[in-house]
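A.B. asks: Pasting in a structure now, in structure tokens, and then I'll have a few things to ask.
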Amino acid sequence: MTDVVGIGHKTAIRLQNVGISSIYALAHAPEGLLKQTFGIMGTQLYCHANGIDYSRLSETYTPLSKSYGKSQILERDYHDPAEVAIIVREMAEEVAMRIRKEHAQTAVIHLSVGYSKYSIQRGFSHQMKIDPTDSSKKIVAYALHIFQKYITNEAVRSVAISAGKITFKEGTQLNLFEDAVQTLHQEQLEKAIDHIRTRYGFKSMMHASSLLDAATGLKRSALVGGHKG
């Protein structure tokens with residue numbers, strides 16, 4: 001019996017304890033008994049033994065990406081952490097927008113910062129677990145928290161942000177410590193911004209800080225796959 005997918009050694013012993021010692025016996029066992037003994041897995045065992053598969057072959061299965069991320073090598077060494085923070089914000093917003101486009105949410109934010117080739121240190125790479133979210137405001141805040149916690153006085157030359165532990169979003173999860181109305185308004189605002197950016201381009205709505213010389217978002221919005229379109 002253990003040659004059948006889904007029946008391991010322990011499952012086989014439990015089946016034998018209720019008088020089932022072959023696939024034939026499993027196929028002819030009362031489905032109610034199997035469900036009572038094994039729960040939902042009992043129904044699956046019954047279906048497998050009888051060759052029943054309710055999967056719809058016409059439906060295309062598209063697995064979620066394990067992570068969404070952005071990375072870039074800066075055109076020069078950045079010596080001012082405040083300038084790098086602008087880039088971190090821009091990249092975090094792009095990642096958040098991509099997550100919402102997939103109707104997903106993230107539970108892990110990862111930030112990597114590479115220092116200049118003239119620096120003694122190589123940089124840092126850290127992540128933090130968070131409550132599942134697709135909010136730009138929260139994802140940006142978490143990314144900046146990691147950045148401000150680990151940045152040193154070294155010049156920065158590369159930045160990478162990724163969002164992991166991706167799951168489908170089934171609804172808005174309200175927080176007892178946050179104003180529910182404000183949370184819903186923030187969600188509607190971000191969806192409206194996404195719609196505008198999708199229709200008119202990412203640069204159609206950007207923070208004023210993205211107009212500063214240190215920012216790269218405006219320039220990157222004109223690129224396709226990292227190159228001039």
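Ordered as shown in the structure tokens, chains take letters A, B, and onward, while each chain numbers its residues from 1 and ligands are numbered from 1 in the order shown.
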Taking the DSSP secondary structure from the backbone, can you list the residues of stretch 73-142 of chain A that are strand (DSSP E), as a PyMOL selection string?
C.D. replies: chain A and resi 73-78+104-115+123-133
A.B. asks: Can I get the selection written as an mmCIF file, in the first residue's frame, with N, CA and C atoms?
C.D. replies:
```
data_model
loop_
_atom_site.group_PDB
_atom_site.id
_atom_site.type_symbol
_atom_site.label_atom_id
_atom_site.label_comp_id
_atom_site.auth_asym_id
_atom_site.auth_seq_id
_atom_site.Cartn_x
_atom_site.Cartn_y
_atom_site.Cartn_z
ATOM 1 N N ILE A 73 22.334 48.938 -9.725
ATOM 2 C CA ILE A 73 23.688 49.422 -9.435
ATOM 3 C C ILE A 73 23.672 50.912 -9.737
ATOM 4 N N LEU A 74 24.008 51.712 -8.769
ATOM 5 C CA LEU A 74 23.924 53.168 -8.905
ATOM 6 C C LEU A 74 25.023 53.697 -9.830
ATOM 7 N N GLU A 75 24.758 54.829 -10.455
ATOM 8 C CA GLU A 75 25.694 55.392 -11.419
ATOM 9 C C GLU A 75 26.918 56.009 -10.755
ATOM 10 N N ARG A 76 26.824 56.250 -9.459
ATOM 11 C CA ARG A 76 27.941 56.817 -8.707
ATOM 12 C C ARG A 76 27.874 56.348 -7.268
ATOM 13 N N ASP A 77 28.921 56.601 -6.515
ATOM 14 C CA ASP A 77 28.911 56.297 -5.091
ATOM 15 C C ASP A 77 28.063 57.338 -4.360
ATOM 16 N N TYR A 78 27.173 56.855 -3.502
ATOM 17 C CA TYR A 78 26.322 57.737 -2.701
ATOM 18 C C TYR A 78 26.887 57.799 -1.276
ATOM 19 N N ALA A 104 -1.646 39.799 -4.277
ATOM 20 C CA ALA A 104 -0.894 39.022 -3.291
ATOM 21 C C ALA A 104 -0.490 39.904 -2.121
ATOM 22 N N GLN A 105 0.259 39.329 -1.193
ATOM 23 C CA GLN A 105 0.790 40.066 -0.060
ATOM 24 C C GLN A 105 2.089 39.401 0.384
ATOM 25 N N THR A 106 2.912 40.149 1.085
ATOM 26 C CA THR A 106 4.219 39.650 1.515
ATOM 27 C C THR A 106 4.318 39.600 3.037
ATOM 28 N N ALA A 107 5.116 38.658 3.524
ATOM 29 C CA ALA A 107 5.325 38.543 4.970
ATOM 30 C C ALA A 107 6.802 38.657 5.322
ATOM 31 N N VAL A 108 7.646 38.940 4.329
ATOM 32 C CA VAL A 108 9.083 39.105 4.576
ATOM 33 C C VAL A 108 9.635 40.198 3.665
ATOM 34 N N ILE A 109 10.335 41.160 4.249
ATOM 35 C CA ILE A 109 10.997 42.209 3.479
ATOM 36 C C ILE A 109 12.502 42.039 3.627
ATOM 37 N N HIS A 110 13.194 42.018 2.495
ATOM 38 C CA HIS A 110 14.649 41.812 2.490
ATOM 39 C C HIS A 110 15.317 42.994 1.792
ATOM 40 N N LEU A 111 16.366 43.511 2.417
ATOM 41 C CA LEU A 111 17.102 44.643 1.846
ATOM 42 C C LEU A 111 18.593 44.336 1.821
ATOM 43 N N SER A 112 19.199 44.535 0.653
ATOM 44 C CA SER A 112 20.651 44.363 0.503
ATOM 45 C C SER A 112 21.242 45.671 0.005
ATOM 46 N N VAL A 113 22.313 46.090 0.620
ATOM 47 C CA VAL A 113 23.011 47.312 0.225
ATOM 48 C C VAL A 113 24.480 46.987 0.012
ATOM 49 N N GLY A 114 24.980 47.310 -1.168
ATOM 50 C CA GLY A 114 26.394 47.077 -1.469
ATOM 51 C C GLY A 114 27.168 48.376 -1.401
ATOM 52 N N TYR A 115 28.323 48.337 -0.757
ATOM 53 C CA TYR A 115 29.136 49.542 -0.622
ATOM 54 C C TYR A 115 30.081 49.723 -1.817
ATOM 55 N N GLY A 123 29.116 45.642 2.564
ATOM 56 C CA GLY A 123 27.723 46.046 2.615
ATOM 57 C C GLY A 123 26.964 45.195 3.610
ATOM 58 N N PHE A 124 25.646 45.139 3.488
ATOM 59 C CA PHE A 124 24.856 44.311 4.404
ATOM 60 C C PHE A 124 23.646 43.748 3.681
ATOM 61 N N SER A 125 23.102 42.703 4.235
ATOM 62 C CA SER A 125 21.911 42.056 3.689
ATOM 63 C C SER A 125 21.099 41.510 4.860
ATOM 64 N N HIS A 126 19.910 42.091 5.084
ATOM 65 C CA HIS A 126 19.075 41.693 6.221
ATOM 66 C C HIS A 126 17.610 41.636 5.798
ATOM 67 N N GLN A 127 16.848 40.868 6.548
ATOM 68 C CA GLN A 127 15.415 40.779 6.283
ATOM 69 C C GLN A 127 14.650 40.800 7.597
ATOM 70 N N MET A 128 13.355 41.059 7.504
ATOM 71 C CA MET A 128 12.518 41.037 8.695
ATOM 72 C C MET A 128 11.146 40.457 8.353
ATOM 73 N N LYS A 129 10.614 39.675 9.287
ATOM 74 C CA LYS A 129 9.289 39.112 9.118
ATOM 75 C C LYS A 129 8.258 40.153 9.525
ATOM 76 N N ILE A 130 7.181 40.235 8.773
ATOM 77 C CA ILE A 130 6.146 41.221 9.040
ATOM 78 C C ILE A 130 4.762 40.574 8.923
ATOM 79 N N ASP A 131 3.758 41.271 9.392
ATOM 80 C CA ASP A 131 2.400 40.799 9.177
ATOM 81 C C ASP A 131 2.111 40.916 7.684
ATOM 82 N N PRO A 132 1.477 39.919 7.077
ATOM 83 C CA PRO A 132 1.210 39.950 5.634
ATOM 84 C C PRO A 132 0.571 41.267 5.196
ATOM 85 N N THR A 133 1.121 41.885 4.165
ATOM 86 C CA THR A 133 0.612 43.169 3.695
ATOM 87 C C THR A 133 0.938 43.389 2.226
#
```
A.B. asks: Quick one: DSSP helix (DSSP H, G or I) residues in stretch 117-148 of chain A, as a ChimeraX atom specification?
C.D. replies: /A:136-148
A.B. asks: Separation of atom CA of A:Tyr150 and atom CA of A:Ala85, in Å?
C.D. replies: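 Separation between atom CA of A:Tyr150 and atom CA of A:Ala85: 12.3 Å.
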A.B. asks: Excluding stretch 187-190 of chain A and any residue of its chain fewer than 6 positions from it, enumerate the residues within 9 Å of it, using only C-alpha atoms, and give them as a list in words.
C.D. replies: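 That gives Met97, Asp134, Ser135, Ser136, Lys137 and Thr172 of chain A.
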A.B. asks: Quick one: residues within 9 Å of stretch 5-19 of chain A, only C-alpha atoms, excluding same-chain residues fewer than 4 positions away - as a VMD selection string?
C.D. replies: chain A and resid 1 25 to 26 33 to 34 37 to 38 41 44 to 45 48
A.B. asks: Rounded to one decimal in Å, what is the spacing between atom CA of A:Met91 and atom CA of A:Gln182?
C.D. replies: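 Between these atoms lies a distance of 24.3 Å.
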A.B. asks: Neighbouring residues of A:Ala27 were defined as those with any atom within 8 Å, considering only C-alpha atoms; residues of the same chain fewer than 5 positions away were excluded. Please report them as a PyMOL selection string.
C.D. replies: chain A and resi 46-47+49-50
A.B. asks: Can you work out the spacing between atom CA of A:Lys66 and atom CA of A:Ile166 in Å, to one decimal?
C.D. replies: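 Taking atom CA of A:Lys66 and atom CA of A:Ile166, their separation equals 6.1 Å.
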A.B. asks: Closest to A:Ile87 among A:Ser22, A:Thr152, A:Ser158, A:Thr198, using only C-alpha atoms?
C.D. replies: A:Ser158
A.B. asks: From the set A:Ile99, A:Ile120, A:Ile40, A:Ile193, which residue has the shortest atom-to-atom contact distance to A:Thr167, counting only C-alpha atoms?
C.D. replies: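 Answer, going by the shortest atom-to-atom distance: A:Ile99.
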